[in-house]
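Participant: Have a peek at start_21.cif (mmCIF, C-alpha atoms).
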data_protein
loop_
_atom_site.group_PDB
_atom_site.id
_atom_site.type_symbol
_atom_site.label_atom_id
_atom_site.label_comp_id
_atom_site.auth_asym_id
_atom_site.auth_seq_id
_atom_site.Cartn_x
_atom_site.Cartn_y
_atom_site.Cartn_z
ATOM 1 C CA MET V 22 -10.332 -53.084 11.155
ATOM 2 C CA GLY V 23 -11.390 -56.096 9.180
ATOM 3 C CA SER V 24 -9.179 -59.107 8.799
ATOM 4 C CA LEU V 25 -8.428 -58.325 5.148
ATOM 5 C CA ALA V 26 -7.369 -54.771 5.998
ATOM 6 C CA ASP V 27 -5.272 -56.061 8.912
ATOM 7 C CA ALA V 28 -3.509 -58.479 6.613
ATOM 8 C CA ARG V 29 -2.785 -55.754 4.048
ATOM 9 C CA ILE V 30 -1.286 -53.422 6.667
ATOM 10 C CA ARG V 31 0.832 -56.187 8.245
ATOM 11 C CA TRP V 32 2.060 -57.214 4.794
ATOM 12 C CA ARG V 33 2.984 -53.640 4.076
ATOM 13 C CA GLY V 34 4.708 -53.458 7.455
ATOM 14 C CA ALA V 35 6.818 -56.484 6.555
ATOM 15 C CA ALA V 36 7.761 -54.805 3.291
ATOM 16 C CA VAL V 37 8.769 -51.678 5.196
ATOM 17 C CA ALA V 38 10.931 -53.674 7.601
ATOM 18 C CA LEU V 39 12.639 -55.402 4.685
ATOM 19 C CA SER V 40 13.254 -52.063 2.973
ATOM 20 C CA ILE V 41 14.879 -50.678 6.131
ATOM 21 C CA ALA V 42 17.120 -53.722 6.412
ATOM 22 C CA ALA V 43 18.047 -53.549 2.730
ATOM 23 C CA SER V 44 18.821 -49.851 2.846
ATOM 24 C CA SER V 45 21.090 -50.282 5.856
ATOM 25 C CA ARG V 46 23.385 -52.488 3.759
ATOM 26 C CA ALA V 47 23.536 -50.107 0.797
ATOM 27 C CA GLY V 48 26.361 -47.849 1.934
ATOM 28 C CA MET V 49 27.854 -48.355 5.338
ATOM 29 C CA ALA V 50 29.503 -44.939 5.721
ATOM 30 C CA ALA V 51 26.370 -42.837 5.064
ATOM 31 C CA GLU V 52 23.733 -45.272 6.352
ATOM 32 C CA PRO V 53 22.318 -45.677 9.899
ATOM 33 C CA THR V 54 24.064 -47.964 12.336
ATOM 34 C CA ARG V 55 22.711 -51.412 13.170
ATOM 35 C CA ALA V 56 21.460 -50.032 16.475
ATOM 36 C CA ASP V 57 19.560 -47.271 14.632
ATOM 37 C CA VAL V 58 18.035 -49.821 12.259
ATOM 38 C CA ALA V 59 17.008 -52.024 15.177
ATOM 39 C CA THR V 60 15.377 -49.035 16.847
ATOM 40 C CA ALA V 61 13.506 -48.161 13.632
ATOM 41 C CA ARG V 62 12.269 -51.764 13.286
ATOM 42 C CA ASP V 63 11.037 -51.762 16.870
ATOM 43 C CA LEU V 64 9.272 -48.427 16.410
ATOM 44 C CA PHE V 65 7.595 -49.667 13.248
ATOM 45 C CA ALA V 66 6.440 -52.872 14.910
ATOM 46 C CA ARG V 67 4.923 -50.884 17.749
ATOM 47 C CA ALA V 68 3.323 -48.494 15.225
ATOM 48 C CA GLU V 69 1.803 -51.519 13.486
ATOM 49 C CA SER V 70 0.241 -52.598 16.782
ATOM 50 C CA ASP V 71 -1.156 -49.085 17.280
ATOM 51 C CA GLU V 72 -2.674 -49.217 13.796
ATOM 52 C CA ASP V 73 -4.353 -52.536 14.606
ATOM 53 C CA ALA V 74 -5.787 -50.941 17.755
ATOM 54 C CA GLY V 75 -6.939 -47.825 15.915
ATOM 55 C CA LEU V 76 -4.452 -45.624 17.794
ATOM 56 C CA TRP V 77 -3.587 -43.623 14.714
ATOM 57 C CA ALA V 78 -1.983 -40.652 16.484
ATOM 58 C CA ASP V 79 0.329 -42.919 18.504
ATOM 59 C CA ALA V 80 1.201 -44.878 15.381
ATOM 60 C CA LEU V 81 1.962 -41.668 13.480
ATOM 61 C CA ASP V 82 4.346 -40.472 16.191
ATOM 62 C CA LYS V 83 6.297 -43.768 16.105
ATOM 63 C CA LEU V 84 6.408 -43.728 12.303
ATOM 64 C CA HIS V 85 7.898 -40.226 12.284
ATOM 65 C CA ARG V 86 10.571 -41.370 14.733
ATOM 66 C CA ALA V 87 11.312 -44.426 12.617
ATOM 67 C CA GLY V 88 11.456 -42.222 9.518
ATOM 68 C CA SER V 89 14.044 -40.008 11.159
ATOM 69 C CA VAL V 90 16.389 -43.006 10.921
ATOM 70 C CA LYS V 91 15.558 -43.756 7.309
ATOM 71 C CA MET V 92 12.428 -42.442 5.557
ATOM 72 C CA THR V 93 11.609 -45.234 3.123
ATOM 73 C CA PRO V 94 8.687 -45.325 0.660
ATOM 74 C CA GLY V 95 6.965 -47.873 2.900
ATOM 75 C CA ILE V 96 7.205 -45.738 6.039
ATOM 76 C CA ARG V 97 5.967 -42.757 4.039
ATOM 77 C CA PHE V 98 2.994 -44.866 2.912
ATOM 78 C CA HIS V 99 2.048 -45.699 6.503
ATOM 79 C CA VAL V 100 2.486 -42.059 7.557
ATOM 80 C CA ALA V 101 -0.057 -41.128 4.884
ATOM 81 C CA LEU V 102 -2.380 -43.904 6.039
ATOM 82 C CA CYS V 103 -2.364 -42.598 9.626
ATOM 83 C CA GLU V 104 -2.886 -39.018 8.490
ATOM 84 C CA GLU V 105 -5.853 -40.087 6.396
ATOM 85 C CA ARG V 106 -7.456 -41.890 9.339
ATOM 86 C CA LEU V 107 -6.897 -38.796 11.509
ATOM 87 C CA GLY V 108 -8.702 -36.587 8.977
ATOM 88 C CA ARG V 109 -5.572 -34.813 7.788
ATOM 89 C CA LEU V 110 -6.543 -35.333 4.187
ATOM 90 C CA ALA V 111 -4.289 -32.712 2.586
ATOM 91 C CA ALA V 112 -1.185 -34.005 4.396
ATOM 92 C CA ALA V 113 -2.144 -37.598 3.617
ATOM 93 C CA LEU V 114 -2.511 -36.819 -0.061
ATOM 94 C CA GLY V 115 0.943 -35.231 -0.145
ATOM 95 C CA ASP V 116 2.541 -38.198 1.632
ATOM 96 C CA TYR V 117 0.796 -40.777 -0.586
ATOM 97 C CA VAL V 118 2.152 -38.946 -3.636
ATOM 98 C CA ALA V 119 5.641 -38.740 -2.052
ATOM 99 C CA ALA V 120 5.538 -42.479 -1.266
ATOM 100 C CA GLN V 121 4.515 -43.267 -4.835
ATOM 101 C CA ASP V 122 7.264 -41.065 -6.321
ATOM 102 C CA ALA V 123 9.932 -42.568 -4.045
ATOM 103 C CA ALA V 124 8.725 -46.115 -4.837
ATOM 104 C CA ARG V 125 8.946 -45.458 -8.574
ATOM 105 C CA GLU V 126 12.447 -44.038 -8.186
ATOM 106 C CA GLY V 127 13.550 -47.049 -6.158
ATOM 107 C CA SER V 128 11.569 -49.613 -8.205
ATOM 108 C CA ASN V 129 9.694 -50.660 -5.055
ATOM 109 C CA LYS V 130 6.845 -52.691 -6.570
ATOM 110 C CA ASP V 131 5.305 -53.565 -3.190
ATOM 111 C CA VAL V 132 4.717 -49.926 -2.239
ATOM 112 C CA LEU V 133 3.624 -49.005 -5.766
ATOM 113 C CA GLU V 134 0.984 -51.717 -5.618
ATOM 114 C CA ALA V 135 -0.136 -50.721 -2.118
ATOM 115 C CA VAL V 136 -0.381 -46.955 -2.713
ATOM 116 C CA GLY V 137 -2.388 -46.901 -5.934
ATOM 117 C CA GLU V 138 -5.861 -47.611 -4.548
ATOM 118 C CA PRO V 139 -5.817 -45.341 -1.432
ATOM 119 C CA LEU V 140 -4.262 -42.510 -3.445
ATOM 120 C CA ALA V 141 -7.011 -42.637 -6.078
ATOM 121 C CA GLU V 142 -9.731 -42.775 -3.411
ATOM 122 C CA LEU V 143 -8.255 -39.878 -1.450
ATOM 123 C CA ARG V 144 -7.915 -37.679 -4.528
ATOM 124 C CA ALA V 145 -11.666 -37.992 -5.008
ATOM 125 C CA ARG V 146 -12.356 -37.110 -1.358
ATOM 126 C CA VAL V 147 -10.011 -34.289 -0.520
ATOM 127 C CA PRO V 148 -11.546 -30.772 -0.804
ATOM 128 C CA THR V 149 -9.719 -28.023 -2.669
ATOM 129 C CA ILE V 150 -9.493 -24.243 -2.598
ATOM 130 C CA THR V 151 -8.601 -22.138 -5.643
ATOM 131 C CA LEU V 152 -7.363 -18.582 -5.126
ATOM 132 C CA ARG V 153 -7.745 -15.871 -7.772
ATOM 133 C CA LEU V 154 -5.920 -12.540 -7.577
ATOM 134 C CA PRO V 155 -6.820 -9.302 -9.446
ATOM 135 C CA ALA V 156 -4.980 -9.010 -12.738
ATOM 136 C CA ASP V 157 -3.166 -5.822 -11.643
ATOM 137 C CA VAL V 158 -1.768 -7.315 -8.411
ATOM 138 C CA ASN V 159 1.500 -9.236 -8.622
ATOM 139 C CA ASP V 160 3.125 -8.582 -5.235
ATOM 140 C CA ALA V 161 0.518 -9.914 -2.807
ATOM 141 C CA VAL V 162 1.466 -11.885 0.309
ATOM 142 C CA ILE V 163 -1.124 -14.564 1.070
ATOM 143 C CA SER V 164 -1.428 -17.017 3.926
ATOM 144 C CA LEU V 165 -3.867 -19.888 4.379
ATOM 145 C CA ASP V 166 -4.393 -20.938 7.994
ATOM 146 C CA GLY V 167 -1.240 -18.992 8.857
ATOM 147 C CA ALA V 168 0.967 -20.777 6.313
ATOM 148 C CA PRO V 169 2.299 -18.798 3.333
ATOM 149 C CA VAL V 170 0.876 -19.605 -0.086
ATOM 150 C CA ALA V 171 3.442 -19.742 -2.887
ATOM 151 C CA PRO V 172 2.830 -17.161 -5.657
ATOM 152 C CA GLY V 173 2.862 -19.951 -8.220
ATOM 153 C CA SER V 174 -0.124 -21.579 -6.503
ATOM 154 C CA MET V 175 -2.518 -18.855 -7.626
ATOM 155 C CA GLY V 176 -5.246 -20.408 -9.774
ATOM 156 C CA ALA V 177 -4.215 -23.967 -8.835
ATOM 157 C CA LEU V 178 -6.178 -26.487 -6.794
ATOM 158 C CA LEU V 179 -4.912 -26.389 -3.207
ATOM 159 C CA PRO V 180 -5.787 -29.579 -1.252
ATOM 160 C CA VAL V 181 -7.088 -28.792 2.251
ATOM 161 C CA ASP V 182 -8.584 -30.665 5.171
ATOM 162 C CA THR V 183 -12.294 -30.598 5.851
ATOM 163 C CA GLY V 184 -13.430 -27.859 8.223
ATOM 164 C CA VAL V 185 -12.925 -24.105 8.556
ATOM 165 C CA HIS V 186 -10.026 -22.291 6.875
ATOM 166 C CA THR V 187 -8.882 -18.673 7.163
ATOM 167 C CA LEU V 188 -7.325 -16.708 4.330
ATOM 168 C CA ASP V 189 -5.361 -13.458 4.772
ATOM 169 C CA ALA V 190 -3.818 -11.333 2.031
ATOM 170 C CA HIS V 191 -2.178 -7.941 1.721
ATOM 171 C CA ALA V 192 -0.251 -5.974 -0.891
ATOM 172 C CA PRO V 193 1.410 -2.527 -1.031
ATOM 173 C CA ASN V 194 -1.076 0.353 -1.376
ATOM 174 C CA ARG V 195 -4.001 -2.080 -1.192
ATOM 175 C CA ALA V 196 -6.672 -2.689 1.395
ATOM 176 C CA PRO V 197 -6.048 -6.012 3.193
ATOM 177 C CA PHE V 198 -8.325 -8.974 2.520
ATOM 178 C CA SER V 199 -9.440 -11.792 4.770
ATOM 179 C CA ALA V 200 -11.995 -14.556 4.394
ATOM 180 C CA THR V 201 -13.176 -17.630 6.253
ATOM 181 C CA VAL V 202 -14.507 -20.660 4.413
ATOM 182 C CA SER V 203 -15.793 -24.051 5.569
ATOM 183 C CA VAL V 204 -15.354 -27.066 3.302
ATOM 184 C CA VAL V 205 -16.452 -30.684 3.322
ATOM 185 C CA GLU V 206 -15.146 -33.736 1.480
ATOM 186 C CA LYS V 207 -15.156 -33.574 -2.331
ATOM 187 C CA GLN V 208 -15.933 -29.830 -2.272
ATOM 188 C CA ALA V 209 -14.106 -27.393 -4.548
ATOM 189 C CA VAL V 210 -14.186 -23.747 -3.494
ATOM 190 C CA SER V 211 -12.930 -20.710 -5.436
ATOM 191 C CA ILE V 212 -12.079 -17.463 -3.642
ATOM 192 C CA ASP V 213 -11.565 -14.104 -5.350
ATOM 193 C CA VAL V 214 -8.884 -12.357 -3.305
ATOM 194 C CA LEU V 215 -10.102 -8.764 -3.426
ATOM 195 C CA LEU V 216 -7.341 -6.235 -2.827
ATOM 196 C CA PRO V 217 -8.847 -2.849 -3.775
ATOM 197 C CA PRO V 218 -6.600 0.228 -3.921
ATOM 198 C CA LEU V 219 -6.505 2.167 -0.685
ATOM 199 C CA PRO V 220 -8.969 5.120 -0.706
ATOM 200 C CA SER V 221 -7.897 8.660 0.056
ATOM 201 C CA PRO V 222 -7.835 9.372 3.805
ATOM 202 C CA VAL V 223 -11.220 10.586 5.056
ATOM 203 C CA GLY V 224 -11.501 13.530 7.446
ATOM 204 C CA THR V 225 -8.016 14.877 6.926
ATOM 205 C CA ALA V 226 -7.412 18.482 6.016
ATOM 206 C CA PRO V 227 -6.707 19.045 2.315
ATOM 207 C CA LEU V 228 -3.137 19.784 1.470
ATOM 208 C CA ALA V 229 -2.363 23.450 0.992
ATOM 209 C CA PRO V 230 -1.748 24.315 -2.657
ATOM 210 C CA ARG V 231 1.881 24.462 -3.553
ATOM 211 C CA ARG V 232 2.989 28.065 -3.738
ATOM 212 C CA ALA V 233 5.241 29.285 -6.443
ATOM 213 C CA PRO V 234 8.682 30.568 -5.439
ATOM 214 C CA GLN V 235 8.472 34.027 -3.898
ATOM 215 C CA ASP V 236 10.020 36.905 -5.809
ATOM 216 C CA LYS V 237 11.640 39.280 -3.319
ATOM 217 C CA ASP V 238 13.070 41.507 -6.041
ATOM 218 C CA ALA V 239 9.609 42.132 -7.513
ATOM 219 C CA SER V 240 8.202 43.095 -4.100
ATOM 220 C CA ARG V 241 11.141 45.450 -3.507
ATOM 221 C CA ALA V 242 10.612 47.061 -6.918
ATOM 222 C CA LYS V 243 6.942 47.679 -6.148
ATOM 223 C CA ALA V 244 7.875 49.286 -2.830
ATOM 224 C CA LEU V 245 10.344 51.571 -4.607
ATOM 225 C CA VAL V 246 7.793 52.535 -7.250
ATOM 226 C CA ALA V 247 5.147 53.262 -4.604
ATOM 227 C CA SER V 248 7.632 55.360 -2.592
ATOM 228 C CA ALA V 249 8.677 57.330 -5.653
ATOM 229 C CA GLY V 250 5.052 57.799 -6.618
ATOM 230 C CA ALA V 251 4.186 59.068 -3.139
ATOM 231 C CA LEU V 252 7.010 61.620 -3.245
ATOM 232 C CA ALA V 253 6.050 62.719 -6.751
ATOM 233 C CA LEU V 254 2.397 63.180 -5.819
ATOM 234 C CA VAL V 255 3.193 65.083 -2.649
ATOM 235 C CA GLY V 256 5.638 67.232 -4.619
ATOM 236 C CA PHE V 257 2.970 67.821 -7.265
ATOM 237 C CA GLY V 258 0.524 68.828 -4.524
ATOM 238 C CA VAL V 259 3.011 71.300 -3.046
ATOM 239 C CA GLY V 260 3.719 72.740 -6.465
ATOM 240 C CA ALA V 261 0.027 73.046 -7.255
ATOM 241 C CA PHE V 262 -0.499 74.785 -3.904
ATOM 242 C CA PHE V 263 2.094 77.438 -4.756
ATOM 243 C CA VAL V 264 0.656 77.846 -8.254
ATOM 244 C CA ALA V 265 -2.802 78.297 -6.707
ATOM 245 C CA GLY V 266 -1.337 80.959 -4.371
ATOM 246 C CA ALA V 267 0.258 82.786 -7.288
ATOM 247 C CA LYS V 268 -3.000 82.628 -9.258
ATOM 248 C CA GLN V 269 -4.903 84.030 -6.297
ATOM 249 C CA SER V 270 -2.446 86.930 -5.899
ATOM 250 C CA ALA V 271 -2.698 87.729 -9.595
ATOM 251 C CA ALA V 272 -6.479 87.491 -9.516
ATOM 252 C CA GLU V 273 -6.663 89.880 -6.535
ATOM 253 C CA ALA V 274 -4.535 92.385 -8.409
ATOM 254 C CA GLN V 275 -6.694 92.152 -11.539
ATOM 255 C CA CYS V 276 -9.931 92.212 -9.556
ATOM 256 C CA GLU V 277 -9.351 95.797 -8.326
ATOM 257 C CA GLY V 278 -10.239 97.234 -11.728
ATOM 258 C CA LEU V 279 -13.083 94.888 -12.575
ATOM 259 C CA VAL V 280 -16.787 95.014 -11.793
ATOM 260 C CA SER V 281 -16.963 91.235 -11.227
ATOM 261 C CA CYS V 282 -14.051 88.938 -10.251
ATOM 262 C CA GLU V 283 -15.977 85.674 -10.515
ATOM 263 C CA GLY V 284 -14.187 84.654 -13.705
ATOM 264 C CA LEU V 285 -10.800 84.907 -12.022
ATOM 265 C CA ARG V 286 -11.623 82.377 -9.316
ATOM 266 C CA GLY V 287 -11.811 79.319 -11.625
ATOM 267 C CA PRO V 288 -8.058 78.805 -12.166
ATOM 268 C CA VAL V 289 -7.397 79.309 -8.462
ATOM 269 C CA ARG V 290 -9.965 76.715 -7.497
ATOM 270 C CA THR V 291 -8.595 74.280 -10.079
ATOM 271 C CA TRP V 292 -5.059 74.490 -8.731
ATOM 272 C CA ASP V 293 -6.310 74.231 -5.162
ATOM 273 C CA ALA V 294 -8.160 71.057 -6.106
ATOM 274 C CA LEU V 295 -5.070 69.674 -7.859
ATOM 275 C CA ALA V 296 -2.962 70.412 -4.805
ATOM 276 C CA LEU V 297 -5.436 68.682 -2.527
ATOM 277 C CA THR V 298 -5.694 65.713 -4.910
ATOM 278 C CA GLY V 299 -1.901 65.427 -5.085
ATOM 279 C CA TRP V 300 -1.617 65.365 -1.298
ATOM 280 C CA ILE V 301 -4.382 62.777 -0.912
ATOM 281 C CA ALA V 302 -2.950 60.616 -3.686
ATOM 282 C CA GLY V 303 0.530 60.993 -2.225
ATOM 283 C CA ALA V 304 -0.733 59.850 1.151
ATOM 284 C CA GLY V 305 -2.353 56.852 -0.472
ATOM 285 C CA ALA V 306 0.779 55.996 -2.413
ATOM 286 C CA GLY V 307 2.786 56.380 0.773
ATOM 287 C CA ALA V 308 0.491 53.908 2.507
ATOM 288 C CA PHE V 309 1.035 51.432 -0.299
ATOM 289 C CA ALA V 310 4.779 52.033 -0.084
ATOM 290 C CA VAL V 311 4.719 51.155 3.598
ATOM 291 C CA TYR V 312 2.613 48.068 2.784
ATOM 292 C CA PHE V 313 4.993 46.863 0.087
ATOM 293 C CA TRP V 314 8.049 47.501 2.271
ATOM 294 C CA THR V 315 6.656 45.539 5.230
ATOM 295 C CA ARG V 316 4.516 42.709 3.733
ATOM 296 C CA PRO V 317 5.921 39.246 2.899
ATOM 297 C CA PRO V 318 7.043 38.777 -0.713
ATOM 298 C CA THR V 319 4.279 37.883 -3.170
ATOM 299 C CA PRO V 320 4.496 34.448 -4.851
ATOM 300 C CA SER V 321 5.598 34.732 -8.433
ATOM 301 C CA GLY V 322 2.751 34.568 -10.893
ATOM 302 C CA GLN V 323 0.406 36.616 -8.653
ATOM 303 C CA GLY V 324 0.789 40.253 -9.598
ATOM 304 C CA SER V 325 -0.033 43.206 -7.358
ATOM 305 C CA GLY V 326 0.668 46.905 -7.590
ATOM 306 C CA ALA V 327 -0.706 50.411 -8.070
ATOM 307 C CA VAL V 328 -1.166 52.475 -11.227
ATOM 308 C CA LEU V 329 -1.374 56.283 -11.237
ATOM 309 C CA ARG V 330 -3.624 57.893 -13.851
ATOM 310 C CA VAL V 331 -3.570 61.697 -14.195
ATOM 311 C CA GLY V 332 -5.993 63.500 -16.457
ATOM 312 C CA PRO V 333 -7.243 67.031 -16.938
ATOM 313 C CA GLY V 334 -8.558 68.109 -13.556
ATOM 314 C CA SER V 335 -8.387 64.537 -12.106
ATOM 315 C CA MET V 336 -6.003 62.029 -10.592
ATOM 316 C CA GLU V 337 -6.686 58.285 -9.979
ATOM 317 C CA ILE V 338 -4.787 55.413 -8.384
ATOM 318 C CA ALA V 339 -5.765 51.857 -9.467
ATOM 319 C CA VAL V 340 -4.601 49.098 -7.132
ATOM 320 C CA HIS V 341 -4.601 45.351 -7.890
ATOM 321 C CA PHE V 342 -3.494 42.345 -5.753
#
Would you mind giving the structure from this file in structure tokens?
Facilitator:
Amino acid sequence: MGSLADARIRWRGAAVALSIAASSRAGMAAEPTRADVATARDLFARAESDEDAGLWADALDKLHRAGSVKMTPGIRFHVALCEERLGRLAAALGDYVAAQDAAREGSNKDVLEAVGEPLAELRARVPTITLRLPADVNDAVISLDGAPVAPGSMGALLPVDTGVHTLDAHAPNRAPFSATVSVVEKQAVSIDVLLPPLPSPVGTAPLAPRRAPQDKDASRAKALVASAGALALVGFGVGAFFVAGAKQSAAEAQCEGLVSCEGLRGPVRTWDALALTGWIAGAGAGAFAVYFWTRPPTPSGQGSGAVLRVGPGSMEIAVHF
């Protein structure tokens, strides 16, 4: 360091030592002991020597230990100075501002005068990152270099050190987001934190459609109807068979006195056909009865059943599922 810079730092060191001594007399019960103050003075003097030698990390360690006794605006100023020289620009900026605020509160003109110039210079140097969230996301959890980012910091300038920084973000029902950015001094970077809604799972089987409640009573009623229909059709077939037999007997008796009996065969054939149709239809209805009695109940809203249609010389069963 140049002689002028050395003189400025030593002068600031003297001011810090005086502020420690003054603060130790301000309230004996709550303030450090004389031994603690002596230790802090010794640590600061050794930190000053480290600063002169350019040993900024060693100086910073001693300043933190001295500050644990009493963190004065002057010690905070020198902490910021060491952080700046070590390239920790974001931390240095925060400590310069803290030193300035504490000096104003305590009317410490020496520190106020010392902090103004380096604070202004550092504000022009320190890079910043601005984070922007989607408008419909308000519950995101974001971390920058592993440290959480306060929700109120969205859209604000976040001071960072030069180098590479990693951003991670996630939110409920959103795809996670991560980004890596490298910044240099005086650079301002904006990052759009993209958190798109999660897509539907790919390759999974579609969900089965929701079935309506099953109606057991309706299925039972259909089974009863089919059973009754089967019995009725079989009974009709039996009756038609006996009618056909009676018609045949009557036709045989009438045929003895006739030249041709062809005209008497029509009614017999018709009743035979009706008997056969009744038996076939009855068997079909019986099969449906068995089906309705044994199958699982049909979901409500999906009708199924059988309809019997009987016409002159014909019989038909219409089935629908």
Participant: Could you check the closest approach to His191 (chain V) for each of V:Asp160, V:Asp63, V:Glu72, V:Glu206 and tell me which residue wins, using all atoms listed in the file?
Facilitator: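 That would be V:Asp160, the residue with the smallest distance to His191 (chain V).
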Participant: Please, what distance in Å, to one decimal, runs between CA of Leu154 (chain V) and CA of Val214 (chain V)?
Facilitator: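 We find that CA of Leu154 (chain V) and CA of Val214 (chain V) lie 5.2 Å from each other.
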Participant: How many Å separate CA of Val147 (chain V) from CA of Ala111 (chain V)?
Facilitator: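 Answer for the CA of Val147 (chain V) to CA of Ala111 (chain V) separation: 6.7 Å.
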Participant: Evaluating the PyMOL selection byres ((chain V and resi 118-125) around 9) on the displayed file yields which residues, as a compact mmCIF listing (two decimals) with C-alpha atoms, in the frame of the given file?
Facilitator:
# COMPACT_ATOMS: atom_id res chain seq x y z
CA THR V 93 11.61 -45.23 3.12
CA PRO V 94 8.69 -45.32 0.66
CA GLY V 95 6.96 -47.87 2.90
CA ILE V 96 7.20 -45.74 6.04
CA ARG V 97 5.97 -42.76 4.04
CA PHE V 98 2.99 -44.87 2.91
CA ALA V 101 -0.06 -41.13 4.88
CA ALA V 113 -2.14 -37.60 3.62
CA LEU V 114 -2.51 -36.82 -0.06
CA GLY V 115 0.94 -35.23 -0.14
CA ASP V 116 2.54 -38.20 1.63
CA TYR V 117 0.80 -40.78 -0.59
CA GLU V 126 12.45 -44.04 -8.19
CA GLY V 127 13.55 -47.05 -6.16
CA SER V 128 11.57 -49.61 -8.20
CA ASN V 129 9.69 -50.66 -5.06
CA LYS V 130 6.84 -52.69 -6.57
CA ASP V 131 5.30 -53.56 -3.19
CA VAL V 132 4.72 -49.93 -2.24
CA LEU V 133 3.62 -49.00 -5.77
CA VAL V 136 -0.38 -46.96 -2.71
CA GLY V 137 -2.39 -46.90 -5.93
CA LEU V 140 -4.26 -42.51 -3.44
Participant: Could you check how far CA of Ala168 (chain V) sits from CA of Leu107 (chain V), in Å to one decimal?
Facilitator: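 A separation of 20.3 Å between them.
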Participant: Between V:Ala253, V:Ala112, V:Ala145, V:Met175, which is the closest to Val162 (chain V) once you count only C-alpha atoms?
Facilitator: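 Checking each candidate against Val162 (chain V), we get V:Met175 as the closest.
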